[in-house]
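**Student:** The structure that follows is given in the form of structure tokens.
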Amino acid sequence: MLAAAAIPTYLFTRQMAEANRQRNSRIATYWYQLGEQQLAKNDPEAAISSLRHATTDDRNNGDYAFLLAKALAAHGHDDEAQLALMRLREAAPDSPQINLELARLSARERQIPQAVLYYRHALYGVWTGERVDERRRQLRLELIHLLLDRRDDSRALAELLALSADTPDTPKAHLQIAQLFMEVGDNQHALQNFTETARLDPKNIEALQGAGAASFRLGDYKTADRFLTLALERDASSRSTAQLLETTHLIESSDPLLPRLTFQERAGRLTAALDQSVKHLEDCAGKGPLVPGGPQTSEPEQLRNEALALKLTITPEKLRQDPELVRTGADLAFKIEEKATGSCGQPQGLDRALLLIGRKYKGIER
């Protein structure tokens, strides 16, 4: 009889508990929707209050807790936001959204190793919904920008190479990748993507300018000349492009080591290079004009005397008899330009052209 009497009481209690749960759920939904609206109106403080009510009334709803954590982070409550996110991550370690928020919090706190770890967990987490590939792409871009900001170029390059493998074949995507490769110093991949952008969009000035600059850094001055000329034809107002093209022309017209030059041309270029480099050195050292047989009391004076002595031997006939003479003279001119640059800073005009020619043959990208 007691058991029979207890059954209705038990059923009534269950019904009341379920009714109370449903009521709390409706109240929590109200507070959650209100919090969403307040966040949309850029009122995170009010949203935090509303979302606290929502999570109190429905403690098992992860969506409510996640939005509360985002609101806390948006209003500077980083410690509380991180604790909330870590609790959520225990239940869903593969959630891209949770790992992304933790990555951004760690980055803001300058905890870069943790931020990179969370970004990678987000990248390789369990993604659902639409446009997954594009969302992953944007997330990887965010990680790349973080690494570049911290000058971690090697890891940024690794992420860039992974990103470029899945680059959509559009001018915008290739241009974005090219500019990032330039920033990280991979000029070869930058040139490839700038060229692809120009192929897809021949009037894209940024692509033409970028391809010219990347070719210039690689020492491929013929390609640089072609792209920079095209860029100036479409935008004659770009001073930086015009200056880079002018330097390209100086390099092409001054390089004494270019193939297929006559001995007369090679001798003229080599003599001009030695004269120009010595003048640059004298200007930087505050010395007088070149004097034969001057005292060799310093490295600049020794270089000047070497240049004078060598210049007297440079003739087309001598170059024909001694092919190594042109390399010896060119190396000396480049060495003098490096010395002058160390004293005066980065040169301009023909001095810059000679400096870059020398670095090209040493395999140094500019």
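In the structure tokens, chains take the letters A, B, ... in the order shown, each chain's residues start at 1, and ligands count up from 1 in the order shown.
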Do a neighbour search on region 40-42 of chain A at 12 Å with only C-alpha atoms, toss out local chain neighbours closer than 5 positions, and write the hits as a PDB file with N, CA, C and O atoms, in the first residue's frame.
**Tutor:**
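Output file part34.pdb is given in full below:
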```pdb
ATOM      1  N   GLN A  33      19.195  34.944 -26.069  1.00  0.00           N
ATOM      2  CA  GLN A  33      18.840  35.746 -27.238  1.00  0.00           C
ATOM      3  C   GLN A  33      19.051  37.234 -26.974  1.00  0.00           C
ATOM      4  O   GLN A  33      19.508  37.980 -27.846  1.00  0.00           O
ATOM      5  N   LEU A  34      18.738  37.663 -25.747  1.00  0.00           N
ATOM      6  CA  LEU A  34      18.977  39.057 -25.376  1.00  0.00           C
ATOM      7  C   LEU A  34      20.477  39.368 -25.398  1.00  0.00           C
ATOM      8  O   LEU A  34      20.897  40.429 -25.890  1.00  0.00           O
ATOM      9  N   GLY A  35      21.282  38.418 -24.881  1.00  0.00           N
ATOM     10  CA  GLY A  35      22.735  38.612 -24.902  1.00  0.00           C
ATOM     11  C   GLY A  35      23.266  38.710 -26.325  1.00  0.00           C
ATOM     12  O   GLY A  35      24.160  39.525 -26.609  1.00  0.00           O
ATOM     13  N   ALA A  47      25.632  42.342 -22.308  1.00  0.00           N
ATOM     14  CA  ALA A  47      25.567  40.967 -22.809  1.00  0.00           C
ATOM     15  C   ALA A  47      26.113  39.985 -21.776  1.00  0.00           C
ATOM     16  O   ALA A  47      25.559  38.892 -21.594  1.00  0.00           O
ATOM     17  N   ILE A  48      27.190  40.365 -21.098  1.00  0.00           N
ATOM     18  CA  ILE A  48      27.754  39.484 -20.075  1.00  0.00           C
ATOM     19  C   ILE A  48      26.730  39.210 -18.984  1.00  0.00           C
ATOM     20  O   ILE A  48      26.541  38.068 -18.548  1.00  0.00           O
ATOM     21  N   ALA A  71      31.996  36.951 -24.879  1.00  0.00           N
ATOM     22  CA  ALA A  71      31.652  38.284 -24.384  1.00  0.00           C
ATOM     23  C   ALA A  71      32.643  38.739 -23.319  1.00  0.00           C
ATOM     24  O   ALA A  71      33.056  39.910 -23.285  1.00  0.00           O
ATOM     25  N   ALA A  74      35.726  39.808 -25.060  1.00  0.00           N
ATOM     26  CA  ALA A  74      35.541  41.063 -25.783  1.00  0.00           C
ATOM     27  C   ALA A  74      35.591  42.265 -24.854  1.00  0.00           C
ATOM     28  O   ALA A  74      35.915  43.373 -25.289  1.00  0.00           O
ATOM     29  N   HIS A  75      35.288  42.063 -23.573  1.00  0.00           N
ATOM     30  CA  HIS A  75      35.256  43.180 -22.622  1.00  0.00           C
ATOM     31  C   HIS A  75      36.450  43.162 -21.683  1.00  0.00           C
ATOM     32  O   HIS A  75      36.446  43.832 -20.654  1.00  0.00           O
TER      33      HIS A  75
END
```
**Student:** Identify, on the basis of only C-alpha atoms, every residue whose closest approach to Thr315 (chain A) does not exceed 10 Å; exclude the query and any residue fewer than 4 positions from it along the same chain; express the result as a VMD selection string.
**Tutor:** chain A and resid 263 to 264 266 to 268 270 to 271 311 319 to 321
**Student:** Save out the residues we just selected, N, CA, C and O atoms, as a short mmCIF file (atom, residue, chain, number, x, y, z; two decimals), in the first residue's frame.
**Tutor:**
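Saved result, out.cif, follows:
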```cif
data_model
loop_
_atom_site.label_atom_id
_atom_site.label_comp_id
_atom_site.auth_asym_id
_atom_site.auth_seq_id
_atom_site.Cartn_x
_atom_site.Cartn_y
_atom_site.Cartn_z
N PHE A 263 84.71 43.27 -75.96
CA PHE A 263 85.80 43.64 -75.06
C PHE A 263 85.84 45.15 -74.84
O PHE A 263 86.18 45.62 -73.76
N GLN A 264 85.46 45.90 -75.88
CA GLN A 264 85.42 47.36 -75.75
C GLN A 264 84.35 47.77 -74.73
O GLN A 264 84.60 48.62 -73.87
N ARG A 266 83.08 45.91 -72.36
CA ARG A 266 83.42 45.41 -71.03
C ARG A 266 84.47 46.31 -70.37
O ARG A 266 84.38 46.62 -69.18
N ALA A 267 85.47 46.74 -71.17
CA ALA A 267 86.50 47.62 -70.63
C ALA A 267 85.91 48.96 -70.20
O ALA A 267 86.26 49.51 -69.14
N GLY A 268 84.98 49.51 -71.00
CA GLY A 268 84.35 50.78 -70.65
C GLY A 268 83.53 50.67 -69.38
O GLY A 268 83.58 51.56 -68.51
N LEU A 270 83.88 48.46 -66.96
CA LEU A 270 84.74 48.18 -65.82
C LEU A 270 85.45 49.45 -65.34
O LEU A 270 85.53 49.72 -64.14
N THR A 271 85.95 50.25 -66.29
CA THR A 271 86.61 51.51 -65.92
C THR A 271 85.63 52.45 -65.23
O THR A 271 85.95 53.08 -64.22
N LYS A 311 93.12 50.14 -62.90
CA LYS A 311 92.46 50.85 -64.00
C LYS A 311 93.43 51.13 -65.16
O LYS A 311 93.04 51.12 -66.33
N LEU A 319 91.99 42.63 -71.74
CA LEU A 319 90.88 41.76 -71.36
C LEU A 319 90.82 40.54 -72.27
O LEU A 319 90.44 39.44 -71.83
N ARG A 320 91.21 40.70 -73.53
CA ARG A 320 91.23 39.57 -74.45
C ARG A 320 92.32 38.58 -74.04
O ARG A 320 92.12 37.37 -74.12
N GLN A 321 93.44 39.10 -73.59
CA GLN A 321 94.55 38.25 -73.21
C GLN A 321 94.34 37.60 -71.84
O GLN A 321 94.79 36.47 -71.60
#
```
**Student:** Which region 115-141 of chain A residues have any atom within 12 Å of an atom of region 170-173 of chain A, and for each, what is the nearest pair of atoms with distance in Å to one decimal, counting only C-alpha atoms, rows sorted by chain and number, as JSON lines?
**Tutor:**
```
{"residue": "A:Glu134", "atom": "CA", "partner": "A:Ala173", "partner_atom": "CA", "distance": 11.1}
{"residue": "A:Arg137", "atom": "CA", "partner": "A:Ala173", "partner_atom": "CA", "distance": 10.4}
{"residue": "A:Gln138", "atom": "CA", "partner": "A:Ala173", "partner_atom": "CA", "distance": 11.2}
{"residue": "A:Leu141", "atom": "CA", "partner": "A:Ala173", "partner_atom": "CA", "distance": 11.3}
```
**Student:** What would the file look like if the residues just selected were written as a PDB file, in the first residue's frame with N, CA and C atoms?
**Tutor:**
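What landed in result_13.pdb:
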```pdb
ATOM      1  N   GLU A 134      37.148  27.569 -46.764  1.00  0.00           N
ATOM      2  CA  GLU A 134      37.405  29.009 -46.684  1.00  0.00           C
ATOM      3  C   GLU A 134      37.640  29.443 -45.242  1.00  0.00           C
ATOM      4  N   ARG A 137      41.030  28.434 -44.280  1.00  0.00           N
ATOM      5  CA  ARG A 137      41.995  29.311 -44.946  1.00  0.00           C
ATOM      6  C   ARG A 137      42.146  30.622 -44.177  1.00  0.00           C
ATOM      7  N   GLN A 138      41.047  31.223 -43.785  1.00  0.00           N
ATOM      8  CA  GLN A 138      41.100  32.477 -43.034  1.00  0.00           C
ATOM      9  C   GLN A 138      41.777  32.291 -41.687  1.00  0.00           C
ATOM     10  N   LEU A 141      45.488  32.118 -42.264  1.00  0.00           N
ATOM     11  CA  LEU A 141      45.973  33.470 -42.524  1.00  0.00           C
ATOM     12  C   LEU A 141      46.163  34.243 -41.218  1.00  0.00           C
TER      13      LEU A 141
END
```
**Student:** Using DSSP on the backbone coordinates, identify the residues of region 87-221 of chain A assigned to alpha helix (DSSP H); present them as a ChimeraX atom specification.
**Tutor:** /A:87-91,96-108,112-123,132-149,153-164,171-184,187-200,205-218,221
**Student:** List the neighbours of Ser343 (chain A) out to 8 Å using only C-alpha atoms; skip same-chain residues closer than 4 positions along the sequence, and give me the result as a compact mmCIF listing (two decimals) with N, CA and C atoms, in the first residue's frame.
**Tutor:**
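Output file part_32.txt is given in full below:
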```txt
# COMPACT_ATOMS: atom_id res chain seq x y z
N CYS A 284 82.55 59.47 -49.03
CA CYS A 284 82.20 58.97 -47.70
C CYS A 284 83.34 59.18 -46.70
N ALA A 285 84.56 59.03 -47.19
CA ALA A 285 85.70 59.15 -46.28
C ALA A 285 86.16 60.59 -46.11
N LYS A 339 82.45 48.92 -48.96
CA LYS A 339 83.16 49.69 -47.94
C LYS A 339 82.53 51.07 -47.77
```
**Student:** Could you work out how far CA of Leu228 (chain A) lies from CA of Leu244 (chain A), giving the answer in Å with one decimal?
**Tutor:**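 Distance reported for this atom pair: 7.8 Å.
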**Student:** Could you please determine the separation between CA of Ser253 (chain A) and CA of Arg269 (chain A) in Å, to one decimal place?
**Tutor:**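 Between these atoms lies a distance of 8.2 Å.
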**Student:** Residues at most 10 Å from Glu299 (chain A), counting only C-alpha atoms, excluding those fewer than 4 positions away in the same chain, as a list in words?
**Tutor:**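 Using only C-alpha atoms, the neighbours found are Leu303, Arg304, Asn305, Ile336 and Lys339 of chain A.
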**Student:** Can those selected residues be exported to a file as a compact mmCIF listing (two decimals), in the first residue's frame so that it contains all heavy atoms?
**Tutor:**
```txt
# COMPACT_ATOMS: atom_id res chain seq x y z
N LEU A 303 92.45 50.78 -50.96
CA LEU A 303 91.50 50.43 -52.02
C LEU A 303 91.58 51.42 -53.17
O LEU A 303 91.51 51.04 -54.35
CB LEU A 303 90.07 50.39 -51.45
CG LEU A 303 89.78 49.25 -50.47
CD1 LEU A 303 88.41 49.44 -49.81
CD2 LEU A 303 89.82 47.90 -51.19
N ARG A 304 91.74 52.71 -52.84
CA ARG A 304 91.88 53.71 -53.90
C ARG A 304 93.12 53.45 -54.75
O ARG A 304 93.07 53.52 -55.99
CB ARG A 304 91.96 55.11 -53.29
CG ARG A 304 90.66 55.60 -52.69
CD ARG A 304 90.71 57.08 -52.40
NE ARG A 304 91.82 57.43 -51.51
CZ ARG A 304 92.23 58.67 -51.30
NH1 ARG A 304 91.65 59.68 -51.94
NH2 ARG A 304 93.23 58.93 -50.47
N ASN A 305 94.22 53.13 -54.12
CA ASN A 305 95.45 52.89 -54.86
C ASN A 305 95.35 51.63 -55.71
O ASN A 305 95.86 51.58 -56.83
CB ASN A 305 96.62 52.80 -53.89
CG ASN A 305 96.95 54.14 -53.26
OD1 ASN A 305 96.65 55.18 -53.83
ND2 ASN A 305 97.54 54.11 -52.07
N ILE A 336 84.82 48.04 -53.02
CA ILE A 336 84.88 49.46 -52.65
C ILE A 336 83.49 50.01 -52.37
O ILE A 336 83.29 50.78 -51.41
CB ILE A 336 85.57 50.26 -53.79
CG1 ILE A 336 87.04 49.84 -53.91
CG2 ILE A 336 85.48 51.76 -53.51
CD1 ILE A 336 87.75 50.42 -55.10
N LYS A 339 82.45 48.92 -48.96
CA LYS A 339 83.16 49.69 -47.94
C LYS A 339 82.53 51.07 -47.77
O LYS A 339 82.30 51.54 -46.65
CB LYS A 339 84.62 49.83 -48.34
CG LYS A 339 85.48 50.61 -47.34
CD LYS A 339 85.57 49.89 -46.01
CE LYS A 339 86.46 50.66 -45.04
NZ LYS A 339 86.52 50.00 -43.71
```
**Student:** Work out how far CA of Ala115 (chain A) is from CA of Arg52 (chain A), in Å to one decimal.
**Tutor:**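 So the two atoms, CA of Arg52 (chain A) and CA of Ala115 (chain A), lie 26.6 Å apart.
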**Student:** I'd like the contact shell of Ala224 (chain A) - 12 Å cut-off, only C-alpha atoms, skipping same-chain residues fewer than 6 positions apart - returned as a ChimeraX atom specification.
**Tutor:** /A:191,195,208-218,230-231,241-242,244-249,251-252
**Student:** Quick one: residues within 12 Å of Ser50 (chain A), only C-alpha atoms, excluding same-chain residues fewer than 4 positions away - as a VMD selection string?
**Tutor:** chain A and resid 27 to 39 43 to 46 54 to 57 64 to 65 67 to 68 71 to 72
**Student:** Save out the residues we just selected, C-alpha atoms, as a PDB file, in the first residue's frame.
**Tutor:**
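That gives us selection_38.pdb:
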```pdb
ATOM      1  CA  ILE A  27      14.121  31.676 -19.372  1.00  0.00           C
ATOM      2  CA  ALA A  28      17.692  30.779 -20.340  1.00  0.00           C
ATOM      3  CA  THR A  29      16.767  31.013 -24.029  1.00  0.00           C
ATOM      4  CA  TYR A  30      15.344  34.473 -23.444  1.00  0.00           C
ATOM      5  CA  TRP A  31      18.514  35.661 -21.714  1.00  0.00           C
ATOM      6  CA  TYR A  32      20.698  34.064 -24.394  1.00  0.00           C
ATOM      7  CA  GLN A  33      18.840  35.746 -27.238  1.00  0.00           C
ATOM      8  CA  LEU A  34      18.977  39.057 -25.376  1.00  0.00           C
ATOM      9  CA  GLY A  35      22.735  38.612 -24.902  1.00  0.00           C
ATOM     10  CA  GLU A  36      23.149  37.967 -28.642  1.00  0.00           C
ATOM     11  CA  GLN A  37      21.292  41.177 -29.435  1.00  0.00           C
ATOM     12  CA  GLN A  38      23.375  43.160 -26.963  1.00  0.00           C
ATOM     13  CA  LEU A  39      26.598  41.823 -28.465  1.00  0.00           C
ATOM     14  CA  ASP A  43      27.256  46.354 -25.615  1.00  0.00           C
ATOM     15  CA  PRO A  44      29.365  43.536 -24.140  1.00  0.00           C
ATOM     16  CA  GLU A  45      28.848  44.531 -20.483  1.00  0.00           C
ATOM     17  CA  ALA A  46      25.073  44.157 -20.779  1.00  0.00           C
ATOM     18  CA  ALA A  54      21.383  32.165 -19.311  1.00  0.00           C
ATOM     19  CA  THR A  55      24.178  29.905 -18.086  1.00  0.00           C
ATOM     20  CA  THR A  56      22.772  29.918 -14.543  1.00  0.00           C
ATOM     21  CA  ASP A  57      19.355  28.806 -15.752  1.00  0.00           C
ATOM     22  CA  TYR A  64      25.464  29.640 -23.836  1.00  0.00           C
ATOM     23  CA  ALA A  65      28.739  29.130 -21.992  1.00  0.00           C
ATOM     24  CA  LEU A  67      29.027  32.942 -26.025  1.00  0.00           C
ATOM     25  CA  LEU A  68      29.526  34.127 -22.441  1.00  0.00           C
ATOM     26  CA  ALA A  71      31.652  38.284 -24.384  1.00  0.00           C
ATOM     27  CA  LEU A  72      34.025  38.155 -21.424  1.00  0.00           C
TER      28      LEU A  72
END
```
**Student:** Taking 5 positions as the minimum chain separation for residues in the same chain, which residues sit within 12 Å of Glu109 (chain A) when counting only C-alpha atoms? Answer as a list in words.
**Tutor:**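 Listed by chain and then number, they are Ala73, Gly76, His77, Asp78, Asp79, Gln82, Leu102, Ala103, Arg104, Gln114 and Ala115 of chain A.
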**Student:** Check which residues of region 86-151 of chain A sit at most 10 Å from region 177-184 of chain A using only C-alpha atoms, and return one row each with the closest pair of atoms and their distance in Å to one decimal, ordered by chain and rising number, as JSON lines.
**Tutor:**
```
{"residue": "A:Leu141", "atom": "CA", "partner": "A:Ile177", "partner_atom": "CA", "distance": 9.4}
{"residue": "A:Ile144", "atom": "CA", "partner": "A:Leu180", "partner_atom": "CA", "distance": 8.6}
{"residue": "A:His145", "atom": "CA", "partner": "A:Leu180", "partner_atom": "CA", "distance": 8.7}
{"residue": "A:Leu147", "atom": "CA", "partner": "A:Val184", "partner_atom": "CA", "distance": 9.9}
{"residue": "A:Leu148", "atom": "CA", "partner": "A:Val184", "partner_atom": "CA", "distance": 7.3}
{"residue": "A:Arg151", "atom": "CA", "partner": "A:Val184", "partner_atom": "CA", "distance": 8.6}
```
